[in-house]
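Shown next: query_12.cif, given as mmCIF, C-alpha atoms and all ligand atoms.
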data_structure
loop_
_atom_site.label_atom_id
_atom_site.label_comp_id
_atom_site.auth_asym_id
_atom_site.auth_seq_id
_atom_site.Cartn_x
_atom_site.Cartn_y
_atom_site.Cartn_z
CA MET E 20 6.03 11.38 -26.57
CA GLN E 21 8.89 12.72 -24.42
CA GLY E 22 10.21 10.20 -21.90
CA LEU E 23 7.63 7.63 -22.91
CA GLU E 24 9.18 6.25 -26.13
CA GLY E 25 8.53 2.64 -25.14
CA PHE E 26 4.79 3.32 -24.90
CA ALA E 27 2.00 3.45 -27.47
CA GLU E 28 -1.71 4.19 -27.33
CA ALA E 29 -4.08 1.25 -27.09
CA ARG E 30 -7.81 0.98 -26.75
CA GLU E 31 -9.41 -0.88 -23.84
CA GLY E 32 -13.14 -0.71 -23.26
CA GLY E 33 -14.19 2.94 -23.35
CA VAL E 34 -10.73 4.45 -22.95
CA ARG E 35 -7.52 5.05 -24.89
CA VAL E 36 -4.40 4.54 -22.83
CA LEU E 37 -0.65 4.69 -23.17
CA VAL E 38 0.72 1.23 -22.49
CA PRO E 39 4.11 -0.43 -23.03
CA ARG E 40 4.70 -1.40 -26.66
CA GLU E 41 4.22 -5.16 -26.60
CA GLU E 42 6.80 -5.87 -29.31
CA LEU E 43 9.58 -4.51 -27.05
CA TYR E 44 8.87 -6.91 -24.17
CA ARG E 45 8.49 -10.34 -25.71
CA ARG E 46 9.97 -13.54 -24.36
CA PRO E 47 12.05 -15.73 -26.70
CA ASP E 48 8.83 -17.68 -27.48
CA GLY E 49 7.28 -14.43 -28.74
CA VAL E 50 4.77 -13.99 -25.92
CA TYR E 51 4.46 -10.50 -24.38
CA GLU E 52 5.66 -10.53 -20.75
CA PRO E 53 3.96 -7.70 -18.79
CA ALA E 54 6.41 -8.01 -15.89
CA TRP E 55 9.30 -7.07 -18.20
CA ALA E 56 7.73 -3.78 -19.27
CA PRO E 57 8.77 -0.59 -17.44
CA VAL E 58 5.18 -0.16 -16.22
CA PHE E 59 2.93 -3.17 -15.75
CA TYR E 60 0.06 -3.56 -18.21
CA ASN E 61 -1.59 -6.90 -18.89
CA PRO E 62 -4.14 -6.90 -21.72
CA ARG E 63 -5.31 -10.34 -20.50
CA MET E 64 -6.73 -8.63 -17.40
CA ALA E 65 -9.12 -6.52 -19.50
CA PHE E 66 -11.97 -8.90 -18.62
CA ASN E 67 -11.21 -8.45 -14.90
CA ARG E 68 -11.45 -4.69 -15.46
CA ASP E 69 -14.70 -5.07 -17.48
CA ILE E 70 -16.31 -6.81 -14.50
CA ALA E 71 -14.91 -4.12 -12.17
CA VAL E 72 -16.52 -1.36 -14.26
CA VAL E 73 -19.85 -3.21 -14.41
CA PHE E 74 -19.72 -3.83 -10.65
CA ALA E 75 -18.99 -0.17 -9.86
CA ARG E 76 -21.86 1.07 -12.05
CA VAL E 77 -24.37 -1.35 -10.51
CA TYR E 78 -23.15 -1.05 -6.92
CA GLY E 79 -23.18 2.76 -7.07
CA ARG E 80 -26.69 2.76 -8.50
CA LEU E 81 -28.12 0.22 -6.04
CA ARG E 82 -26.61 2.11 -3.11
CA GLY E 83 -27.83 5.45 -4.48
CA VAL E 84 -24.29 6.90 -4.31
CA SER E 85 -24.12 10.13 -6.30
CA ARG E 86 -20.31 10.46 -6.23
CA LEU E 87 -18.81 7.01 -6.18
CA LEU E 88 -15.28 7.16 -4.76
CA VAL E 89 -12.89 4.39 -5.78
CA ALA E 90 -9.40 3.94 -4.34
CA GLU E 91 -6.89 2.01 -6.43
CA PRO E 92 -3.53 2.00 -4.66
CA LEU E 93 -1.68 -0.37 -7.07
CA ALA E 94 -2.53 1.38 -10.30
CA GLY E 95 0.24 0.55 -12.84
CA THR E 96 -0.56 2.44 -16.07
CA GLY E 97 -3.79 3.71 -14.49
CA VAL E 98 -5.94 1.88 -17.03
CA ARG E 99 -8.27 0.58 -14.30
CA ALA E 100 -8.48 3.94 -12.54
CA VAL E 101 -9.24 5.74 -15.81
CA ARG E 102 -11.83 3.13 -16.76
CA TYR E 103 -13.57 3.59 -13.38
CA ALA E 104 -13.67 7.34 -14.05
CA VAL E 105 -14.77 7.21 -17.70
CA GLU E 106 -16.97 4.11 -17.78
CA ALA E 107 -18.43 4.16 -14.26
CA GLY E 108 -18.42 7.95 -13.72
CA ALA E 109 -16.42 7.44 -10.52
CA TRP E 110 -14.07 9.75 -8.64
CA VAL E 111 -10.81 7.93 -8.20
CA VAL E 112 -7.76 8.19 -5.97
CA ALA E 113 -5.06 6.00 -7.47
CA GLY E 114 -1.44 5.45 -6.60
CA ASP E 115 1.67 3.48 -7.35
CA ILE E 116 5.04 3.21 -5.69
CA ASP E 117 6.76 3.60 -9.06
CA PRO E 118 7.07 7.24 -10.20
CA LEU E 119 7.07 6.23 -13.89
CA ALA E 120 3.77 4.39 -13.43
CA VAL E 121 2.26 7.50 -11.86
CA GLU E 122 3.56 9.65 -14.74
CA VAL E 123 1.98 7.29 -17.30
CA ALA E 124 -1.26 7.12 -15.33
CA ARG E 125 -1.37 10.94 -15.21
CA ARG E 126 -1.02 11.11 -18.99
CA ASN E 127 -3.72 8.49 -19.31
CA ALA E 128 -6.12 10.50 -17.17
CA GLU E 129 -5.35 13.57 -19.34
CA ILE E 130 -5.82 11.72 -22.64
CA ASN E 131 -9.28 10.66 -21.47
CA GLY E 132 -10.26 14.06 -20.09
CA VAL E 133 -10.65 12.85 -16.49
CA SER E 134 -7.67 14.53 -14.78
CA GLY E 135 -10.15 16.43 -12.61
CA ARG E 136 -11.63 13.20 -11.30
CA VAL E 137 -8.55 10.98 -10.99
CA LEU E 138 -6.13 12.02 -8.25
CA LEU E 139 -2.77 10.28 -8.69
CA LEU E 140 -0.28 9.77 -5.87
CA ASN E 141 3.24 8.37 -5.95
CA MET E 142 3.07 6.42 -2.71
CA ASP E 143 3.29 3.03 -1.14
CA ALA E 144 -0.19 1.47 -1.24
CA ASN E 145 -0.62 1.18 2.51
CA GLU E 146 0.59 4.73 2.97
CA MET E 147 -1.89 5.95 0.36
CA LEU E 148 -4.79 4.15 2.05
CA ALA E 149 -3.76 5.48 5.47
CA SER E 150 -3.51 9.00 4.03
CA LEU E 151 -7.08 8.75 2.70
CA ARG E 152 -8.21 7.86 6.20
CA ARG E 153 -6.32 10.81 7.68
CA ARG E 154 -7.92 13.17 5.17
CA GLY E 155 -11.38 11.79 5.94
CA LEU E 156 -11.81 10.47 2.38
CA ARG E 157 -13.81 7.27 2.71
CA PRO E 158 -13.87 5.21 -0.50
CA ASP E 159 -16.96 3.25 -1.55
CA ILE E 160 -14.72 0.70 -3.27
CA VAL E 161 -11.07 -0.14 -2.66
CA ASP E 162 -9.69 -2.10 -5.59
CA LEU E 163 -6.54 -4.11 -4.80
CA ASP E 164 -4.84 -5.43 -7.91
CA PRO E 165 -1.32 -6.41 -6.84
CA PHE E 166 1.41 -8.68 -8.12
CA GLY E 167 0.51 -11.94 -6.36
CA SER E 168 -1.29 -11.69 -3.05
CA PRO E 169 -3.44 -8.79 -1.80
CA ALA E 170 -2.85 -9.92 1.80
CA PRO E 171 -0.26 -7.21 2.67
CA PHE E 172 -2.73 -4.46 1.74
CA LEU E 173 -5.99 -5.78 3.15
CA ASP E 174 -5.82 -4.29 6.64
CA GLU E 175 -5.26 -0.72 5.42
CA ALA E 176 -7.87 -1.20 2.67
CA ILE E 177 -10.42 -2.26 5.29
CA ARG E 178 -9.50 0.54 7.70
CA SER E 179 -9.83 3.13 4.91
CA LEU E 180 -13.56 2.37 4.50
CA GLY E 181 -16.33 4.34 6.16
CA PRO E 182 -19.29 2.57 7.79
CA ARG E 183 -19.92 0.67 4.56
CA GLY E 184 -17.86 -0.10 1.48
CA VAL E 185 -16.44 -2.76 -0.77
CA VAL E 186 -13.05 -4.40 -0.91
CA ALA E 187 -12.47 -5.80 -4.40
CA ALA E 188 -9.30 -7.89 -4.45
CA THR E 189 -7.46 -9.81 -7.14
CA ALA E 190 -5.01 -12.57 -6.22
CA THR E 191 -2.65 -14.07 -8.79
CA ASP E 192 -0.81 -16.27 -6.29
CA THR E 193 -3.05 -19.13 -7.33
CA ALA E 194 -0.45 -21.87 -6.78
CA PRO E 195 -0.38 -21.33 -2.98
CA LEU E 196 -4.13 -20.69 -2.80
CA ALA E 197 -4.90 -23.85 -4.75
CA GLY E 198 -2.71 -25.86 -2.40
CA SER E 199 0.42 -26.39 -4.51
CA HIS E 200 2.65 -24.42 -2.12
CA PRO E 201 1.36 -25.39 1.33
CA ARG E 202 3.87 -23.38 3.35
CA ALA E 203 3.19 -20.17 1.41
CA LEU E 204 -0.54 -20.75 1.89
CA ARG E 205 -0.10 -21.06 5.64
CA ARG E 206 2.20 -18.04 5.83
CA ARG E 207 0.15 -15.68 3.70
CA TYR E 208 -3.40 -16.66 4.58
CA ASP E 209 -3.03 -18.50 7.90
CA VAL E 210 -4.81 -21.53 6.47
CA ARG E 211 -4.33 -25.22 7.11
CA PRO E 212 -3.22 -26.33 3.67
CA ALA E 213 -4.45 -29.16 1.47
CA ARG E 214 -4.86 -29.72 -2.23
CA THR E 215 -8.45 -30.67 -3.00
CA ALA E 216 -9.78 -31.71 -6.41
CA TRP E 217 -11.74 -28.43 -6.58
CA GLU E 218 -8.59 -26.36 -6.32
CA LYS E 219 -9.85 -23.25 -8.12
CA GLU E 220 -12.84 -22.93 -5.80
CA GLN E 221 -10.57 -23.64 -2.85
CA ALA E 222 -8.47 -20.65 -3.94
CA VAL E 223 -11.55 -18.39 -4.14
CA ARG E 224 -12.99 -19.52 -0.82
CA ILE E 225 -9.67 -19.12 1.00
CA LEU E 226 -9.27 -15.51 -0.18
CA ALA E 227 -12.93 -14.73 0.63
CA GLY E 228 -12.50 -16.29 4.09
CA TYR E 229 -9.31 -14.36 4.70
CA ILE E 230 -11.01 -11.06 3.84
CA ILE E 231 -13.82 -11.94 6.27
CA ARG E 232 -11.28 -12.69 9.04
CA ARG E 233 -9.28 -9.51 8.44
CA ALA E 234 -12.52 -7.48 8.32
CA ALA E 235 -13.69 -9.02 11.61
CA SER E 236 -10.49 -7.97 13.35
CA SER E 237 -11.34 -4.35 12.46
CA GLU E 238 -14.97 -4.92 13.56
CA TYR E 239 -16.52 -5.10 10.11
CA GLY E 240 -18.99 -7.73 9.00
CA ALA E 241 -18.31 -8.90 5.42
CA ARG E 242 -20.77 -10.16 2.82
CA ILE E 243 -19.42 -11.82 -0.30
CA LEU E 244 -21.11 -10.16 -3.29
CA LEU E 245 -19.15 -11.90 -6.05
CA ALA E 246 -16.20 -14.27 -5.82
CA TYR E 247 -14.83 -16.08 -8.85
CA TYR E 248 -11.88 -17.64 -10.61
CA ALA E 249 -11.08 -16.74 -14.21
CA ASP E 250 -8.05 -17.18 -16.46
CA TYR E 251 -5.27 -17.44 -13.84
CA TYR E 252 -6.53 -15.30 -10.96
CA VAL E 253 -9.02 -15.10 -8.10
CA ARG E 254 -11.25 -12.08 -7.65
CA VAL E 255 -13.42 -11.34 -4.61
CA TYR E 256 -15.87 -8.45 -4.08
CA ALA E 257 -16.79 -8.24 -0.40
CA GLU E 258 -19.09 -5.60 1.10
CA LEU E 259 -18.03 -4.58 4.59
CA VAL E 260 -20.34 -3.00 7.13
CA LYS E 261 -19.06 -1.69 10.46
CA GLY E 262 -20.21 -3.43 13.62
CA ALA E 263 -18.83 -5.96 16.09
CA GLY E 264 -22.08 -7.98 15.97
CA ARG E 265 -21.93 -8.08 12.17
CA ALA E 266 -18.32 -9.21 12.35
CA ASP E 267 -19.33 -12.05 14.68
CA GLU E 268 -22.12 -13.06 12.27
CA SER E 269 -19.86 -13.15 9.26
CA LEU E 270 -17.32 -15.30 11.12
CA GLU E 271 -20.13 -17.86 11.26
CA THR E 272 -19.79 -18.30 7.49
CA LEU E 273 -16.29 -19.73 7.92
CA GLY E 274 -15.58 -23.44 8.01
CA TYR E 275 -13.56 -26.12 6.25
CA GLY E 276 -13.43 -27.69 2.83
CA LEU E 277 -13.25 -31.44 2.44
CA TYR E 278 -12.14 -33.70 -0.33
CA CYS E 279 -12.06 -37.46 0.10
CA PRO E 280 -9.29 -38.99 -2.02
CA GLY E 281 -10.91 -42.41 -1.43
CA CYS E 282 -14.34 -41.80 -2.99
CA GLY E 283 -14.24 -38.23 -4.34
CA TYR E 284 -16.71 -36.78 -1.80
CA THR E 285 -16.58 -32.97 -1.62
CA ALA E 286 -18.13 -30.77 1.07
CA LEU E 287 -17.99 -27.55 3.04
CA THR E 288 -18.52 -27.99 6.75
CA ARG E 289 -18.47 -25.96 9.95
CA GLU E 290 -16.98 -28.79 11.98
CA GLU E 291 -13.89 -30.72 11.02
CA PRO E 292 -14.90 -34.38 10.51
CA SER E 293 -12.20 -36.95 11.03
CA LEU E 294 -13.43 -39.53 8.53
CA CYS E 295 -15.30 -39.49 5.21
CA PRO E 296 -19.00 -40.21 5.93
CA TYR E 297 -19.24 -42.32 2.74
CA CYS E 298 -16.12 -44.46 2.57
CA GLY E 299 -14.45 -43.99 5.96
CA ALA E 300 -11.17 -42.75 4.44
CA ARG E 301 -9.39 -39.77 5.97
CA PRO E 302 -10.44 -36.70 3.95
CA LEU E 303 -8.17 -33.81 3.00
CA VAL E 304 -9.22 -30.77 5.03
CA VAL E 305 -8.45 -27.18 4.07
CA GLY E 306 -9.38 -24.06 5.96
CA PRO E 307 -10.61 -21.95 7.48
CA LEU E 308 -12.37 -20.78 4.34
CA TYR E 309 -15.66 -19.16 3.35
CA THR E 310 -18.55 -21.65 3.12
CA GLY E 311 -21.40 -19.41 1.90
CA PRO E 312 -22.75 -18.54 -1.56
CA LEU E 313 -20.23 -17.15 -4.06
CA CYS E 314 -22.55 -14.35 -5.15
CA ASP E 315 -25.43 -12.14 -4.20
CA PRO E 316 -27.79 -13.35 -6.94
CA SER E 317 -29.85 -10.15 -7.21
CA LEU E 318 -26.72 -8.02 -7.59
CA VAL E 319 -25.21 -10.40 -10.14
CA GLU E 320 -28.51 -10.51 -12.07
CA GLU E 321 -28.37 -6.72 -12.25
CA MET E 322 -24.71 -6.87 -13.29
CA LYS E 323 -25.58 -9.36 -16.01
CA ARG E 324 -28.21 -7.00 -17.43
CA GLU E 325 -25.74 -4.10 -17.23
CA ALA E 326 -23.05 -6.15 -18.98
CA GLU E 327 -25.52 -7.11 -21.72
CA SER E 328 -26.38 -3.49 -22.37
CA LEU E 329 -22.70 -2.45 -22.35
CA SER E 330 -21.29 -5.43 -24.20
CA SER E 331 -20.39 -3.53 -27.39
CA SER E 332 -18.24 -1.10 -25.39
CA LEU E 333 -16.57 -3.53 -22.98
CA ALA E 334 -13.04 -4.70 -23.77
CA ALA E 335 -13.94 -8.38 -23.91
CA GLY E 336 -17.28 -7.81 -25.67
CA ASP E 337 -20.06 -10.06 -24.38
CA ARG E 338 -17.75 -12.23 -22.24
CA ALA E 339 -18.82 -10.48 -19.02
CA ALA E 340 -22.53 -10.98 -19.77
CA ARG E 341 -22.00 -14.64 -20.70
CA PHE E 342 -19.83 -15.25 -17.64
CA LEU E 343 -22.28 -13.63 -15.21
CA SER E 344 -25.20 -15.47 -16.75
CA ALA E 345 -23.43 -18.83 -16.39
CA PHE E 346 -22.25 -17.98 -12.87
CA LEU E 347 -25.82 -17.22 -11.77
CA GLU E 348 -26.72 -20.86 -12.46
CA GLU E 349 -24.20 -22.13 -9.91
CA CYS E 350 -23.19 -19.44 -7.46
CA THR E 351 -25.84 -20.12 -4.84
CA ILE E 352 -25.11 -23.86 -4.67
CA THR E 353 -22.92 -23.96 -1.56
CA ARG E 354 -21.04 -27.14 -2.26
CA PRO E 355 -17.67 -27.41 -4.01
CA TYR E 356 -17.78 -28.56 -7.60
CA TYR E 357 -16.88 -32.10 -8.58
CA ARG E 358 -13.98 -32.56 -10.99
CA VAL E 359 -15.76 -35.08 -13.19
CA ASP E 360 -12.48 -36.37 -14.63
CA ARG E 361 -11.07 -37.05 -11.14
CA LEU E 362 -14.27 -38.71 -9.92
CA SER E 363 -14.45 -40.86 -13.06
CA SER E 364 -10.89 -41.98 -12.60
CA LEU E 365 -11.61 -42.96 -8.96
CA LEU E 366 -14.59 -44.94 -10.24
CA ARG E 367 -12.40 -46.46 -12.98
CA THR E 368 -14.83 -45.38 -15.62
CA ASN E 369 -14.66 -43.06 -18.60
CA MET E 370 -15.49 -39.43 -18.01
CA PRO E 371 -19.00 -38.42 -19.07
CA SER E 372 -19.62 -34.94 -20.43
CA PRO E 373 -20.01 -32.49 -17.50
CA ARG E 374 -22.92 -30.86 -19.34
CA LEU E 375 -24.76 -34.20 -19.63
CA LEU E 376 -24.04 -35.01 -15.99
CA ALA E 377 -25.52 -31.66 -14.88
CA GLU E 378 -28.57 -32.27 -17.10
CA ARG E 379 -29.05 -35.74 -15.65
CA LEU E 380 -28.91 -34.46 -12.07
CA ARG E 381 -31.32 -31.63 -12.87
CA GLY E 382 -33.67 -34.19 -14.44
CA MET E 383 -33.63 -36.00 -11.08
CA GLY E 384 -34.78 -32.81 -9.33
CA TYR E 385 -31.44 -31.62 -7.96
CA ARG E 386 -29.73 -28.31 -8.61
CA ALA E 387 -26.77 -28.85 -10.90
CA SER E 388 -24.67 -26.83 -13.28
CA THR E 389 -21.36 -26.88 -15.07
CA THR E 390 -18.94 -24.42 -13.48
CA VAL E 391 -17.25 -21.32 -14.84
CA PHE E 392 -14.24 -22.24 -12.67
CA ASP E 393 -13.27 -25.36 -14.58
CA PRO E 394 -14.56 -26.94 -17.81
CA ARG E 395 -14.21 -30.38 -16.17
CA GLY E 396 -16.39 -29.44 -13.19
CA VAL E 397 -20.03 -29.91 -12.13
CA ARG E 398 -21.57 -28.22 -9.13
CA THR E 399 -24.63 -29.81 -7.56
CA ASP E 400 -26.56 -30.22 -4.34
CA ALA E 401 -27.24 -33.90 -5.14
CA PRO E 402 -26.01 -36.32 -2.43
CA HIS E 403 -22.65 -37.94 -3.17
CA PRO E 404 -24.02 -41.46 -3.91
CA VAL E 405 -26.44 -39.94 -6.46
CA VAL E 406 -23.57 -38.15 -8.22
CA VAL E 407 -21.48 -41.34 -8.23
CA GLU E 408 -24.35 -43.33 -9.71
CA ALA E 409 -25.05 -40.68 -12.35
CA VAL E 410 -21.38 -40.64 -13.40
CA ARG E 411 -21.35 -44.43 -13.64
CA SER E 412 -24.52 -44.63 -15.66
CA LEU E 413 -23.48 -41.84 -18.03
CA SER E 414 -19.91 -42.89 -18.58
CA PRO E 415 -19.31 -43.84 -22.21
CA SER E 416 -18.03 -47.30 -21.18
CA SER E 417 -21.24 -48.08 -19.19
CA ARG E 418 -23.43 -46.93 -22.04
CA GLY E 419 -21.44 -49.16 -24.31
CA GLY E 420 -22.52 -52.09 -22.13
CA GLY E 421 -19.10 -52.36 -20.37
C1 LIG E 501 -0.39 -5.81 -11.13
S1 LIG E 501 0.21 -4.17 -11.25
C2 LIG E 501 -1.23 -3.18 -11.28
C3 LIG E 501 -2.06 -3.31 -12.51
C4 LIG E 501 -3.22 -2.37 -12.58
N1 LIG E 501 -4.02 -2.36 -11.37
C5 LIG E 501 -4.08 -2.71 -13.78
O1 LIG E 501 -5.29 -3.02 -13.65
O2 LIG E 501 -3.53 -2.67 -14.90
C6 LIG E 501 0.81 -3.86 -9.65
C7 LIG E 501 1.37 -2.46 -9.45
O3 LIG E 501 1.63 -2.30 -8.07
C8 LIG E 501 2.77 -1.47 -7.93
N2 LIG E 501 3.29 -1.71 -6.57
C9 LIG E 501 3.99 -2.77 -6.11
N3 LIG E 501 4.19 -2.65 -4.78
C10 LIG E 501 3.59 -1.49 -4.40
C11 LIG E 501 3.42 -0.85 -3.16
N4 LIG E 501 3.90 -1.36 -2.02
N5 LIG E 501 2.74 0.31 -3.14
C12 LIG E 501 2.22 0.84 -4.27
N6 LIG E 501 2.37 0.27 -5.48
C13 LIG E 501 3.02 -0.89 -5.54
C14 LIG E 501 3.68 -1.88 -9.05
O4 LIG E 501 4.57 -0.81 -9.36
C15 LIG E 501 2.67 -2.18 -10.17
O5 LIG E 501 2.51 -1.07 -11.00
#

With the file now loaded, output its structure as structure tokens.
Amino acid sequence: MQGLEGFAEAREGGVRVLVPREELYRRPDGVYEPAWAPVFYNPRMAFNRDIAVVFARVYGRLRGVSRLLVAEPLAGTGVRAVRYAVEAGAWVVAGDIDPLAVEVARRNAEINGVSGRVLLLNMDANEMLASLRRRGLRPDIVDLDPFGSPAPFLDEAIRSLGPRGVVAATATDTAPLAGSHPRALRRRYDVRPARTAWEKEQAVRILAGYIIRRAASSEYGARILLAYYADYYVRVYAELVKGAGRADESLETLGYGLYCPGCGYTALTREEPSLCPYCGARPLVVGPLYTGPLCDPSLVEEMKREAESLSSSLAAGDRAARFLSAFLEECTITRPYYRVDRLSSLLRTNMPSPRLLAERLRGMGYRASTTVFDPRGVRTDAPHPVVVEAVRSLSPSSRGGG
């Protein structure tokens, strides 16, 4: 293929796309490095794109939108844009600042017979979103899938929406979001930094809270439809509806996250407490962040059914259906998960199985579930002393009579 020698066709979900030939861009350890390729393509993000396709199909249907318009201003090879068009029947405006990316994306739209429904623009992302607004094109979904943080693109994404629409944002700057780079966290997201034991949820809630704050400044209320952590990224789907009153209401969902390094207590609160209510130690406090449910359960239930029916054609097979089904168990418990290993070590006891701990708490009448965010985590609404006691009684050393 002229000018695209370093590319080869690959299959992802329901599309065939030209992507960089992996064997040309391997690190010395043999692992493919997407950032080294002339146009960015990461096959490990196929699951992220599966969920995006399922979301678009279900959201469009529930809203009764006949011509779903998706904007994707950081498109890379265009695989996501083409998947929205082919697998969700969407109309797509996609762009990239790199002319080669746009050329590849154009070919990819052609290969899949959707050139008429995928408009490709070689533009800076913010410029592309502003140009949609000028042309009166109001997307139903703006998908931001940048290198690192979506923060520099959020304001234009929000302003490009009509009275109602969704911002779907990926963040791969998980080290700042999870509290490992406190200054970057403060700079990018205007958040008081801390590193809690539930760092993956902290990352998700900070991004969700930041979207809510940015939306409010443009007089949109924001409702979190789905917000999760998978692999090495955060992904948030927020529905924005215009209105100053709605913006005020959604600001009410913001608060702070707590983690007590003394006794392992975790909580989300509106007010900032100075001392841990259980052990009196000074808790770590992070925020502002989003304190509400991490999903709209009826939408996610519908997405789960959709993912089940599509599983043979999705790139990651039944992973989306399994993930959504597991997430439904936990996403309406508005309390950060416990890292069972960290709590056990504070209690100087061996770590019980998170699955058994969740079962025990459910048996006591509380809501409890393992978490898709972390295999060592349990999310529950049980009071802290109940969780502590359950960990103690289940720990292998206690059962052994120790
Ligand atoms: C992570 S990649 C996109 C991957 C793609 N969304 C996917 O699902 O495969 C980010 C892309 O953003 C592009 N980019 C970086 N800065 C940009 C900017 N200011 N405006 C538009 N595109 C930009 C890069 O050229 C790169 O192709």

Can you list every residue of chain E that has an atom at most 6 Å from ligand LIG 501 (chain E), with its nearest atom pair and the distance in Å to one decimal, using all atoms listed in the file, ordered by chain then number, as CSV?
residue,atom,partner,partner_atom,distance
E:Val58,CA,E:LIG501,O5,5.9
E:Phe59,CA,E:LIG501,O5,5.2
E:Tyr60,CA,E:LIG501,O2,5.0
E:Pro92,CA,E:LIG501,C12,5.9
E:Leu93,CA,E:LIG501,O3,4.0
E:Ala94,CA,E:LIG501,N1,4.2
E:Gly95,CA,E:LIG501,O5,3.3
E:Val98,CA,E:LIG501,O2,5.6
E:Arg99,CA,E:LIG501,O1,4.7
E:Asp115,CA,E:LIG501,N6,3.8
E:Ile116,CA,E:LIG501,C12,3.9
E:Asp117,CA,E:LIG501,O4,4.9
E:Met142,CA,E:LIG501,C12,5.9
E:Asp143,CA,E:LIG501,N5,3.4
E:Ala144,CA,E:LIG501,N5,3.7
E:Asp164,CA,E:LIG501,N1,4.7
E:Pro165,CA,E:LIG501,C6,4.4
E:Phe166,CA,E:LIG501,C1,4.5

Sorted by chain and rising residue number, list the residues of stretch 314-380 of chain E at most 10 Å from stretch 203-219 of chain E (counting all atoms listed in the file), each with its closest atom pair and distance in Å to one decimal, as JSON lines.
{"residue": "E:Pro355", "atom": "CA", "partner": "E:Trp217", "partner_atom": "CA", "distance": 6.5}
{"residue": "E:Tyr356", "atom": "CA", "partner": "E:Trp217", "partner_atom": "CA", "distance": 6.1}
{"residue": "E:Tyr357", "atom": "CA", "partner": "E:Trp217", "partner_atom": "CA", "distance": 6.6}
{"residue": "E:Arg358", "atom": "CA", "partner": "E:Ala216", "partner_atom": "CA", "distance": 6.3}
{"residue": "E:Val359", "atom": "CA", "partner": "E:Ala216", "partner_atom": "CA", "distance": 9.6}
{"residue": "E:Asp360", "atom": "CA", "partner": "E:Ala216", "partner_atom": "CA", "distance": 9.8}
{"residue": "E:Arg361", "atom": "CA", "partner": "E:Ala216", "partner_atom": "CA", "distance": 7.2}
{"residue": "E:Leu362", "atom": "CA", "partner": "E:Ala216", "partner_atom": "CA", "distance": 9.0}

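Note that the spacing between atom CA of E:Asn131 and atom CA of E:Leu333 amounts to 16.0 Å.
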
inquiry  = Nearest residue to E:Ala65 out of E:Gly132, E:Gly336, E:Gly274, E:Pro371, using all atoms listed in the file?
reply    =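 Comparing E:Gly132, E:Gly336, E:Gly274, E:Pro371 against E:Ala65, the winner is E:Gly336.
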
ask   = Which one of E:Arg301, E:Arg183, E:Arg40, E:Arg63 sits closest to E:Ala335 if you count all atoms listed in the file?
value = E:Arg63

task = To one decimal in Å, tell me the separation between atom CA of E:Gln221 and atom CA of E:Asp393.
result = 12.2 Å
